[in-house]
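The next block is start24.csv, given as CSV, C-alpha atoms and all ligand atoms.
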```csv
chain,number,residue,atom,x,y,z
A,1,MET,CA,2.8,-64.2,-139.9
A,2,LYS,CA,-0.6,-64.4,-138.3
A,3,ILE,CA,-0.8,-66.3,-135.0
A,4,LEU,CA,-3.1,-69.1,-136.5
A,5,GLU,CA,-0.7,-69.7,-139.4
A,6,ASP,CA,2.3,-70.0,-137.1
A,7,ILE,CA,1.2,-72.8,-134.8
A,8,ASP,CA,3.9,-75.4,-134.4
A,9,PHE,CA,2.0,-78.2,-132.7
A,10,LEU,CA,-0.3,-79.2,-135.5
A,11,THR,CA,0.8,-82.0,-137.9
A,12,GLU,CA,1.4,-81.0,-141.5
A,13,ASP,CA,-1.7,-82.6,-143.1
A,14,ASN,CA,-4.4,-81.4,-145.5
A,15,ALA,CA,-7.2,-81.5,-142.8
A,16,ASN,CA,-5.3,-79.2,-140.5
A,17,ARG,CA,-4.3,-76.9,-143.4
A,18,SER,CA,-7.8,-76.5,-144.7
A,19,ASN,CA,-9.1,-75.9,-141.1
A,20,ILE,CA,-6.7,-73.1,-140.6
A,21,LYS,CA,-7.5,-71.6,-144.0
A,22,LEU,CA,-11.3,-71.7,-143.3
A,23,LEU,CA,-11.0,-70.2,-139.9
A,24,SER,CA,-8.6,-67.4,-141.1
A,25,LYS,CA,-11.0,-66.6,-143.9
A,26,MET,CA,-13.9,-66.3,-141.4
A,27,ILE,CA,-11.8,-64.0,-139.2
A,28,GLU,CA,-10.5,-61.9,-142.1
A,29,SER,CA,-14.0,-61.3,-143.4
A,30,ASP,CA,-15.6,-60.7,-140.0
A,31,ASN,CA,-17.8,-63.7,-140.5
A,32,VAL,CA,-17.1,-65.7,-137.4
A,33,SER,CA,-19.9,-68.2,-136.4
A,34,HIS,CA,-21.3,-68.2,-132.9
A,35,ALA,CA,-20.5,-71.8,-132.0
A,36,TYR,CA,-17.6,-74.1,-132.7
A,37,LEU,CA,-16.6,-77.5,-131.6
A,38,PHE,CA,-12.9,-78.4,-131.9
A,39,TYR,CA,-11.9,-82.0,-131.3
A,40,GLY,CA,-8.6,-83.7,-131.4
A,41,ASN,CA,-6.2,-86.1,-129.6
A,42,ASP,CA,-4.8,-83.8,-127.0
A,43,ALA,CA,-6.8,-81.7,-124.5
A,44,GLU,CA,-3.9,-79.5,-123.6
A,45,LEU,CA,-3.1,-78.6,-127.3
A,46,LEU,CA,-6.7,-78.1,-128.1
A,47,TYR,CA,-6.8,-75.5,-125.4
A,48,ARG,CA,-3.7,-73.7,-126.8
A,49,LEU,CA,-5.3,-73.8,-130.2
A,50,ALA,CA,-8.5,-72.4,-128.9
A,51,LEU,CA,-6.6,-69.5,-127.2
A,52,ASP,CA,-4.9,-68.7,-130.5
A,53,PHE,CA,-8.2,-68.7,-132.3
A,54,ALA,CA,-9.8,-66.5,-129.6
A,55,ALA,CA,-6.8,-64.1,-129.9
A,56,SER,CA,-7.2,-63.9,-133.6
A,57,VAL,CA,-10.9,-63.0,-133.2
A,58,SER,CA,-10.2,-60.4,-130.5
A,59,CYS,CA,-7.1,-58.7,-132.0
A,60,PRO,CA,-7.7,-55.5,-133.9
A,61,GLN,CA,-5.2,-56.8,-136.5
A,62,LYS,CA,-6.9,-60.2,-136.6
A,63,GLY,CA,-4.2,-62.2,-134.8
A,64,CYS,CA,-0.9,-60.3,-135.0
A,65,GLY,CA,0.5,-62.3,-132.1
A,66,ASN,CA,2.3,-59.3,-130.7
A,67,CYS,CA,-0.3,-56.7,-129.4
A,68,VAL,CA,-1.4,-56.6,-125.8
A,69,VAL,CA,-4.8,-58.2,-126.8
A,70,CYS,CA,-3.1,-61.2,-128.4
A,71,ARG,CA,-0.7,-61.7,-125.5
A,72,ASN,CA,-3.4,-61.5,-122.9
A,73,VAL,CA,-5.8,-63.8,-124.6
A,74,VAL,CA,-3.0,-66.4,-125.1
A,75,LYS,CA,-2.2,-66.2,-121.4
A,76,GLY,CA,-5.9,-66.7,-120.7
A,77,VAL,CA,-6.3,-63.4,-118.8
A,78,TYR,CA,-8.4,-61.3,-121.3
A,79,PRO,CA,-11.7,-60.0,-119.8
A,80,ASN,CA,-13.7,-60.8,-122.9
A,81,VAL,CA,-12.6,-64.4,-122.9
A,82,LEU,CA,-14.1,-66.8,-120.3
A,83,ILE,CA,-12.6,-70.2,-119.7
A,84,ILE,CA,-14.9,-72.9,-118.4
A,85,GLU,CA,-13.2,-76.1,-117.2
A,86,PRO,CA,-14.2,-79.2,-115.3
A,87,GLU,CA,-13.5,-79.5,-111.7
A,88,GLY,CA,-11.8,-82.9,-111.3
A,89,ASN,CA,-13.7,-85.1,-113.8
A,90,ILE,CA,-17.0,-83.2,-113.9
A,91,LEU,CA,-18.1,-80.1,-115.7
A,92,ARG,CA,-20.7,-78.8,-113.2
A,93,ILE,CA,-23.9,-77.0,-113.9
A,94,GLU,CA,-22.6,-74.1,-111.8
A,95,GLU,CA,-19.9,-73.6,-114.4
A,96,ILE,CA,-22.6,-73.4,-117.2
A,97,ALA,CA,-24.5,-70.9,-115.1
A,98,ARG,CA,-21.3,-68.8,-114.8
A,99,LEU,CA,-21.1,-69.0,-118.6
A,100,GLN,CA,-24.7,-67.8,-119.1
A,101,LYS,CA,-24.1,-64.9,-116.7
A,102,PHE,CA,-20.9,-63.9,-118.5
A,103,MET,CA,-22.6,-64.1,-122.0
A,104,GLY,CA,-25.6,-62.1,-120.7
A,105,LEU,CA,-23.5,-59.2,-119.6
A,106,SER,CA,-22.4,-56.6,-122.1
A,107,SER,CA,-18.7,-56.9,-122.9
A,108,TYR,CA,-16.2,-55.2,-120.7
A,109,ILE,CA,-14.2,-53.9,-123.7
A,110,PRO,CA,-15.6,-53.5,-127.3
A,111,GLY,CA,-15.5,-56.7,-129.3
A,112,LYS,CA,-16.7,-60.3,-129.2
A,113,LYS,CA,-17.3,-62.2,-125.9
A,114,ILE,CA,-15.8,-65.7,-126.2
A,115,CYS,CA,-16.4,-68.6,-124.0
A,116,ILE,CA,-14.0,-71.6,-124.2
A,117,ILE,CA,-15.4,-74.8,-122.7
A,118,ARG,CA,-12.6,-77.3,-122.0
A,119,GLU,CA,-13.3,-81.1,-122.0
A,120,ALA,CA,-16.9,-80.6,-123.0
A,121,GLU,CA,-17.5,-84.3,-122.9
A,122,LEU,CA,-17.5,-84.1,-119.1
A,123,MET,CA,-20.8,-82.2,-119.0
A,124,ASN,CA,-23.7,-84.2,-117.5
A,125,GLN,CA,-27.2,-84.2,-119.0
A,126,GLU,CA,-28.3,-81.3,-116.9
A,127,ALA,CA,-25.4,-79.1,-117.7
A,128,GLY,CA,-25.6,-80.1,-121.4
A,129,SER,CA,-29.3,-79.1,-121.7
A,130,ARG,CA,-28.6,-75.8,-120.0
A,131,LEU,CA,-25.7,-75.1,-122.4
A,132,LEU,CA,-27.9,-76.1,-125.3
A,133,LYS,CA,-30.5,-73.4,-124.4
A,134,THR,CA,-27.8,-70.7,-124.6
A,135,LEU,CA,-26.5,-72.1,-127.9
A,136,GLU,CA,-29.9,-72.1,-129.4
A,137,ASP,CA,-30.7,-68.6,-128.2
A,138,PRO,CA,-27.5,-66.6,-127.7
A,139,PRO,CA,-27.9,-63.4,-125.7
A,140,ASP,CA,-26.5,-61.2,-128.6
A,141,GLY,CA,-24.6,-61.3,-131.8
A,142,ASP,CA,-21.3,-60.8,-130.1
A,143,SER,CA,-21.2,-64.2,-128.3
A,144,ILE,CA,-18.9,-67.0,-129.5
A,145,PHE,CA,-18.9,-70.4,-127.9
A,146,LEU,CA,-15.9,-72.7,-128.4
A,147,LEU,CA,-16.3,-76.2,-127.2
A,148,LEU,CA,-13.2,-78.5,-126.9
A,149,THR,CA,-13.2,-82.3,-126.6
A,150,GLU,CA,-10.9,-85.3,-127.1
A,151,ASP,CA,-14.0,-87.5,-127.7
A,152,ILE,CA,-16.8,-86.1,-129.8
A,153,SER,CA,-18.8,-89.4,-129.6
A,154,VAL,CA,-19.8,-88.7,-126.0
A,155,VAL,CA,-20.8,-85.0,-126.4
A,156,LEU,CA,-24.6,-84.5,-126.5
A,157,PRO,CA,-25.6,-84.8,-130.2
A,158,THR,CA,-28.0,-81.9,-129.9
A,159,VAL,CA,-25.0,-79.7,-128.7
A,160,VAL,CA,-22.8,-81.0,-131.5
A,161,SER,CA,-25.4,-80.2,-134.1
A,162,ARG,CA,-25.4,-76.5,-133.0
A,163,CYS,CA,-21.7,-76.1,-133.7
A,164,LEU,CA,-19.3,-75.9,-136.6
A,165,VAL,CA,-17.2,-78.9,-136.0
A,166,TYR,CA,-13.4,-79.1,-136.7
A,167,ASN,CA,-11.2,-82.1,-136.2
A,168,TRP,CA,-7.5,-81.5,-135.5
A,169,ASN,CA,-4.4,-83.6,-135.6
A,170,PHE,CA,-1.7,-82.8,-133.1
A,171,LYS,CA,1.9,-83.7,-132.8
A,172,PHE,CA,2.6,-85.9,-129.8
A,173,ASP,CA,3.5,-84.1,-126.6
A,174,GLU,CA,5.2,-86.2,-124.0
A,175,ASP,CA,4.7,-85.3,-120.4
A,176,ALA,CA,7.5,-85.1,-117.9
A,177,ARG,CA,6.9,-88.5,-116.4
A,178,GLY,CA,6.8,-90.2,-119.8
A,179,LYS,CA,10.0,-88.4,-120.7
A,180,ALA,CA,12.0,-90.1,-117.9
A,181,ASP,CA,10.7,-93.5,-118.9
A,182,PHE,CA,11.6,-92.8,-122.5
A,183,GLU,CA,15.1,-91.9,-121.5
A,184,VAL,CA,15.5,-95.3,-119.8
A,185,MET,CA,14.2,-96.9,-123.0
A,186,ASP,CA,16.6,-95.0,-125.2
A,187,LYS,CA,19.5,-96.2,-123.0
A,188,TYR,CA,18.5,-99.9,-123.2
A,189,LEU,CA,17.9,-99.6,-126.9
A,190,ASP,CA,21.3,-98.0,-127.5
A,191,GLU,CA,23.1,-100.6,-125.4
A,192,GLY,CA,21.1,-103.4,-127.2
A,193,ILE,CA,22.0,-102.2,-130.7
A,194,LYS,CA,25.6,-101.9,-129.7
A,195,SER,CA,25.7,-105.4,-128.4
A,196,ILE,CA,24.2,-106.7,-131.7
A,197,LEU,CA,26.9,-104.8,-133.6
A,198,ARG,CA,29.6,-106.1,-131.2
A,199,GLY,CA,28.4,-109.6,-131.8
A,200,GLY,CA,28.7,-109.0,-135.5
A,201,ARG,CA,28.6,-112.1,-137.7
A,202,ARG,CA,28.7,-114.4,-134.6
A,203,GLY,CA,25.8,-112.7,-132.8
A,204,THR,CA,23.0,-114.8,-131.5
A,205,PRO,CA,19.2,-114.2,-131.9
A,206,ALA,CA,19.0,-114.2,-128.0
A,207,VAL,CA,20.3,-110.6,-128.0
A,208,ALA,CA,17.6,-109.4,-130.4
A,209,ILE,CA,14.8,-111.2,-128.5
A,210,ASP,CA,16.0,-109.9,-125.2
A,211,LEU,CA,15.9,-106.4,-126.6
A,212,THR,CA,12.3,-106.7,-127.7
A,213,LEU,CA,11.3,-108.0,-124.3
A,214,ARG,CA,13.0,-105.1,-122.6
A,215,VAL,CA,11.4,-102.4,-124.8
A,216,ILE,CA,8.0,-104.0,-124.3
A,217,GLU,CA,8.5,-104.2,-120.6
A,218,ILE,CA,9.2,-100.4,-120.4
A,219,LEU,CA,6.2,-99.6,-122.5
A,220,LYS,CA,4.0,-101.8,-120.2
A,221,LYS,CA,5.4,-99.9,-117.2
A,222,MET,CA,4.4,-96.6,-118.8
A,223,GLU,CA,0.9,-97.9,-119.5
A,224,ALA,CA,0.6,-99.1,-115.9
A,225,ALA,CA,1.2,-95.6,-114.7
A,226,VAL,CA,-1.7,-94.4,-116.8
A,227,LYS,CA,-3.9,-97.1,-115.3
A,228,THR,CA,-3.1,-96.0,-111.8
A,229,ASP,CA,-4.3,-92.5,-112.7
A,230,LEU,CA,-7.6,-94.1,-113.8
A,231,GLU,CA,-8.1,-95.9,-110.5
A,232,LYS,CA,-7.4,-92.6,-108.7
A,233,ASP,CA,-10.1,-90.9,-110.8
A,234,PHE,CA,-12.6,-93.7,-110.1
A,235,PHE,CA,-12.0,-93.5,-106.4
A,236,GLU,CA,-12.7,-89.7,-106.4
A,237,LEU,CA,-15.8,-90.1,-108.5
A,238,LYS,CA,-17.2,-92.8,-106.2
A,239,ARG,CA,-16.8,-90.4,-103.2
A,240,SER,CA,-18.7,-87.6,-105.0
A,241,ASP,CA,-22.4,-86.9,-104.3
A,242,PHE,CA,-23.6,-87.4,-107.9
A,243,GLU,CA,-26.5,-89.6,-109.0
A,244,LYS,CA,-25.5,-93.2,-109.5
A,245,SER,CA,-26.5,-93.0,-113.2
A,246,ASP,CA,-24.2,-90.0,-113.8
A,247,ILE,CA,-21.4,-91.7,-112.0
A,248,ASN,CA,-21.7,-94.7,-114.3
A,249,LYS,CA,-21.7,-92.5,-117.3
A,250,TYR,CA,-18.6,-90.6,-116.2
A,251,MET,CA,-16.8,-93.9,-115.5
A,252,GLU,CA,-17.4,-94.9,-119.1
A,253,ILE,CA,-16.1,-91.6,-120.3
A,254,LEU,CA,-13.0,-91.9,-118.1
A,255,LYS,CA,-12.3,-95.4,-119.4
A,256,SER,CA,-12.4,-94.3,-123.0
A,257,LYS,CA,-10.2,-91.3,-122.2
A,258,HIS,CA,-7.6,-93.5,-120.5
A,259,LYS,CA,-7.7,-96.0,-123.3
A,260,ARG,CA,-6.9,-93.3,-125.8
A,261,LYS,CA,-4.0,-92.1,-123.6
A,262,ILE,CA,-2.5,-95.6,-123.3
A,263,SER,CA,-2.6,-96.2,-127.0
A,264,LYS,CA,-1.1,-92.8,-127.6
A,265,PHE,CA,1.7,-93.6,-125.2
A,266,HIS,CA,2.2,-97.0,-126.8
A,267,ASN,CA,2.4,-95.6,-130.4
A,268,LEU,CA,4.7,-92.8,-129.2
A,269,GLY,CA,7.0,-95.4,-127.6
A,270,ILE,CA,7.2,-97.6,-130.6
A,271,SER,CA,7.7,-94.8,-133.0
A,272,ARG,CA,10.5,-93.6,-130.9
A,273,VAL,CA,12.1,-97.1,-131.0
A,274,PHE,CA,11.8,-96.9,-134.8
A,275,ASP,CA,13.4,-93.4,-134.8
A,276,ILE,CA,16.4,-94.6,-132.9
A,277,ILE,CA,16.9,-97.7,-135.1
A,278,SER,CA,16.6,-95.6,-138.2
A,279,ALA,CA,19.1,-93.1,-136.9
A,280,TRP,CA,21.6,-95.9,-136.2
A,281,LEU,CA,21.1,-97.4,-139.7
A,282,GLU,CA,21.6,-94.0,-141.3
A,283,ASP,CA,24.8,-93.6,-139.3
A,284,ILE,CA,26.1,-97.0,-140.3
A,285,LEU,CA,25.5,-96.2,-143.9
A,286,ALA,CA,27.1,-92.7,-143.6
A,287,VAL,CA,30.3,-94.2,-142.0
A,288,LYS,CA,30.5,-96.9,-144.7
A,289,LEU,CA,30.1,-94.3,-147.4
A,290,GLY,CA,33.0,-92.3,-145.8
A,291,ALA,CA,31.1,-89.5,-144.1
A,292,GLY,CA,32.7,-87.6,-141.2
A,293,ARG,CA,31.8,-87.7,-137.5
A,294,GLU,CA,29.9,-84.4,-137.8
A,295,SER,CA,27.3,-85.7,-140.3
A,296,LEU,CA,26.1,-88.5,-138.0
A,297,ASN,CA,22.9,-88.5,-135.9
A,298,PHE,CA,24.9,-89.8,-132.9
A,299,SER,CA,28.4,-88.3,-133.5
A,300,ASN,CA,29.7,-90.1,-130.4
A,301,ASN,CA,29.3,-93.4,-132.0
A,302,PHE,CA,31.5,-92.6,-135.0
A,303,SER,CA,34.5,-94.7,-133.8
A,304,PHE,CA,32.2,-97.5,-132.5
A,305,ILE,CA,30.6,-97.9,-135.9
A,306,GLY,CA,33.9,-97.7,-137.6
A,307,LYS,CA,35.2,-100.5,-135.5
A,308,TYR,CA,32.2,-102.9,-135.6
A,309,ALA,CA,30.3,-102.2,-138.8
A,310,GLY,CA,33.1,-102.9,-141.3
A,311,ASP,CA,31.6,-106.0,-142.9
A,312,VAL,CA,27.9,-104.9,-142.7
A,313,ARG,CA,26.2,-105.4,-146.0
A,314,ILE,CA,24.8,-102.2,-147.4
A,315,GLU,CA,21.9,-103.8,-149.1
A,316,LYS,CA,20.8,-105.4,-145.8
A,317,ILE,CA,20.7,-101.9,-144.3
A,318,PHE,CA,18.5,-100.6,-147.1
A,319,GLU,CA,16.2,-103.6,-146.6
A,320,LEU,CA,16.0,-103.0,-142.8
A,321,ILE,CA,15.2,-99.3,-143.3
A,322,GLU,CA,12.4,-100.3,-145.5
A,323,THR,CA,11.0,-102.7,-143.0
A,324,VAL,CA,11.1,-100.1,-140.2
A,325,GLU,CA,9.3,-97.5,-142.3
A,326,GLY,CA,6.8,-100.1,-143.5
A,327,ASN,CA,5.9,-101.0,-139.9
A,328,ARG,CA,5.7,-97.3,-139.0
A,329,GLY,CA,2.9,-97.0,-141.5
A,330,TYR,CA,0.9,-99.6,-139.7
A,331,LEU,CA,1.3,-98.1,-136.2
A,332,ASN,CA,-2.1,-96.6,-136.1
A,333,TYR,CA,-3.8,-99.9,-137.0
A,334,SER,CA,-2.8,-101.6,-133.8
A,335,ILE,CA,-0.5,-104.2,-135.3
A,336,ASN,CA,1.2,-106.6,-132.9
A,337,SER,CA,4.1,-104.4,-132.0
A,338,GLU,CA,5.9,-107.2,-130.2
A,339,LEU,CA,6.1,-109.2,-133.4
A,340,ALA,CA,7.1,-106.2,-135.4
A,341,LEU,CA,10.0,-105.4,-133.0
A,342,ASP,CA,11.2,-109.0,-132.9
A,343,ASN,CA,11.3,-109.1,-136.7
A,344,ILE,CA,13.2,-105.8,-136.9
A,345,PHE,CA,15.8,-106.7,-134.3
A,346,LEU,CA,16.3,-110.1,-135.8
A,347,GLN,CA,16.8,-108.5,-139.2
A,348,PHE,CA,19.2,-106.1,-137.5
A,349,GLN,CA,21.1,-109.2,-136.3
A,350,ASN,CA,21.5,-110.4,-139.9
A,351,ILE,CA,23.0,-107.3,-141.4
A,352,TYR,CA,26.3,-109.0,-141.6
A,353,THR,CA,25.3,-112.2,-143.4
A,354,ASP,CA,23.6,-113.4,-146.5
A,355,LYS,CA,21.1,-115.4,-144.6
A,356,ARG,CA,17.4,-114.4,-144.5
B,1,ZN,ZN,-2.8,-58.9,-132.0
```

Rewrite the coordinates I just gave you, this time as structure tokens.
Amino acid sequence: MKILEDIDFLTEDNANRSNIKLLSKMIESDNVSHAYLFYGNDAELLYRLALDFAASVSCPQKGCGNCVVCRNVVKGVYPNVLIIEPEGNILRIEEIARLQKFMGLSSYIPGKKICIIREAELMNQEAGSRLLKTLEDPPDGDSIFLLLTEDISVVLPTVVSRCLVYNWNFKFDEDARGKADFEVMDKYLDEGIKSILRGGRRGTPAVAIDLTLRVIEILKKMEAAVKTDLEKDFFELKRSDFEKSDINKYMEILKSKHKRKISKFHNLGISRVFDIISAWLEDILAVKLGAGRESLNFSNNFSFIGKYAGDVRIEKIFELIETVEGNRGYLNYSINSELALDNIFLQFQNIYTDKR
């Protein structure tokens, strides 16, 4: 399998599939364009994707994934591939000068010279115009520019218009800090669901409401950590020796970047809550239908479910699964997640009874 067709961090949607198809076709027919702009919701994954693309262009077998060329490009240490990245929160004009110099030289080894520009939205006007000149008049037919950005709306339009633009959708990638917070949330959630089940028919809505509040509290804590990062970035920016107008522009860019990050975290958190609830519901169903411990999502809970879920009503479980999936569909439309969770937990509370 070719390296581009084997990427595991893209979502399975038509846009991604057709992007991969188009790019593979260009590579197979030696018809690679001289400038691309990739944009998508994760800078780190955009970069990995760009390296896979660069490897496919450079590899004698067009992206085998195994040869020394592929392996070095993917590691970011291939002499024909130059990586340009911002220093702190600014992509400096010195970096663009470095790019021009690299592109002006004849390549070290036969093949295309590829320049990957990470976080292209962090170029200021000066750096952008300088890059534009090179894009308009590339030194030779062997140059390929690959610009990456999370936010295409703040890249200079004149630069965008010179590039073939591809939009990508990535699977979410939690960072290590997020992971620890998520684990705390998983624990709360697990305990909360257990106490609802223990309460059974006599449970009170207080448990469900308390559970919503706790989940929201943990999500807020995670969002606060992202905000602290923003303040740190602002502080650094203010100490820099840039023009005031540039600083203001960067602040706007940083704000939109952090906003995206927060909403990504929030959606990730809520969808994880939904995953856990669904897994519990599936397990309750499985136990009621006589399945064994090994077929559960959480095999440890086999006897717990057996003990407490005896008089759960199956049709209520089906209804609740439907509610969870329905709300999942709205996640990207910024519904009020607090309300959605309240509703779901209260419905969970009622799986024993006929009441609505
Ligand atoms: Zn290869």

Wanna dump the chain A-ligand ZN 1 (chain B) contacts at 9 Å for me, each residue with its shortest atom pair and the distance in Å to one decimal, counting only C-alpha atoms and all ligand atoms, ordered by chain and number, as CSV?
```
residue,atom,partner,partner_atom,distance
A:Lys2,CA,B:ZN1,ZN,8.6
A:Ile3,CA,B:ZN1,ZN,8.2
A:Ala55,CA,B:ZN1,ZN,6.9
A:Ser56,CA,B:ZN1,ZN,6.8
A:Ser58,CA,B:ZN1,ZN,7.7
A:Cys59,CA,B:ZN1,ZN,4.3
A:Pro60,CA,B:ZN1,ZN,6.3
A:Gln61,CA,B:ZN1,ZN,5.5
A:Lys62,CA,B:ZN1,ZN,6.3
A:Gly63,CA,B:ZN1,ZN,4.5
A:Cys64,CA,B:ZN1,ZN,3.8
A:Gly65,CA,B:ZN1,ZN,4.7
A:Asn66,CA,B:ZN1,ZN,5.3
A:Cys67,CA,B:ZN1,ZN,4.2
A:Val68,CA,B:ZN1,ZN,6.8
A:Val69,CA,B:ZN1,ZN,5.6
A:Cys70,CA,B:ZN1,ZN,4.3
A:Arg71,CA,B:ZN1,ZN,7.4
```

Given only C-alpha atoms as the counted atoms, nearest of A:Leu49, A:Ala97, A:Ile344, A:Met1 to Phe170 (chain A): A:Leu49

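Using all atoms listed in the file, the residues found no farther than 10 Å from region 220-236 of chain A, other than those of its own chain fewer than 6 positions away, are Gly88, Asn89, Arg177, Gly178, Asp181, Phe182, Arg214, Ile247, Tyr250, Met251, Leu254, Lys255, Lys257, His258, Lys259, Lys261, Ile262, Ser263, Lys264, Phe265, His266 and Gly269 of chain A.
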
Atomic separation - CA of Thr323 (chain A) relative to CA of Ser278 (chain A), Å: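 Separation between CA of Ser278 (chain A) and CA of Thr323 (chain A): 10.2 Å.
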
Residue nearest Ile276 (chain A) - candidates A:Ile209, A:Ile218, A:Ile193, A:Val154, atoms counted: only C-alpha atoms: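 The shortest atom-to-atom distance to Ile276 (chain A) comes from A:Ile193.
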
Two-atom distance - CA of Ala208 (chain A), CA of Asp311 (chain A) (Å):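 Interatomic distance here is 19.1 Å.
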
Proximity to Phe9 (chain A) - best of A:Lys133, A:Ala35, A:Cys163, A:Asn169, only C-alpha atoms: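 Between A:Lys133, A:Ala35, A:Cys163, A:Asn169, the residue approaching Phe9 (chain A) most closely is A:Asn169.
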
Atom-to-atom span, CA of Ser153 (chain A) and CA of Thr11 (chain A), Å: 22.5 Å

Residue nearest Arg48 (chain A) - candidates A:Val74, A:Val159, A:Ile351, A:Leu219, atoms counted: all atoms listed in the file: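 Closest candidate: A:Val74.
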
Of the listed residues A:Leu268, A:Met26, A:Leu211, A:Ala54, that which approaches Leu146 (chain A) most closely, counting all atoms listed in the file: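 Smallest separation from Leu146 (chain A) among the options: A:Ala54.
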
Within-8 Å shell of (-14.3, -77.7, -137.0) in input frame, all atoms listed in the file, as a count of residues only: 10

Closest of A:Asp142, A:Glu315, A:Glu191, A:Asp52 to His34 (chain A) - atom-to-atom distances counting all atoms listed in the file: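 Looking at the shortest contact to His34 (chain A), the residue is A:Asp142.
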
Non-local contacts of Gly203 (chain A) (12 Å; all atoms listed in the file; under 2 positions in same chain excluded) as a PyMOL selection string: chain A and resi 192-201+205-209+345-353

Contacts of Leu22 (chain A) within 12 Å, all atoms listed in the file, excl. fewer than 3 positions in-chain, as a list in words: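 Here the qualifying residues turn out to be Leu4, Glu5, Ala15, Asn16, Arg17, Ser18, Asn19, Lys25, Met26, Ile27, Glu28, Ser29, Asn31, Val32, Ser33, Phe53, Leu164, Val165 and Tyr166 of chain A.
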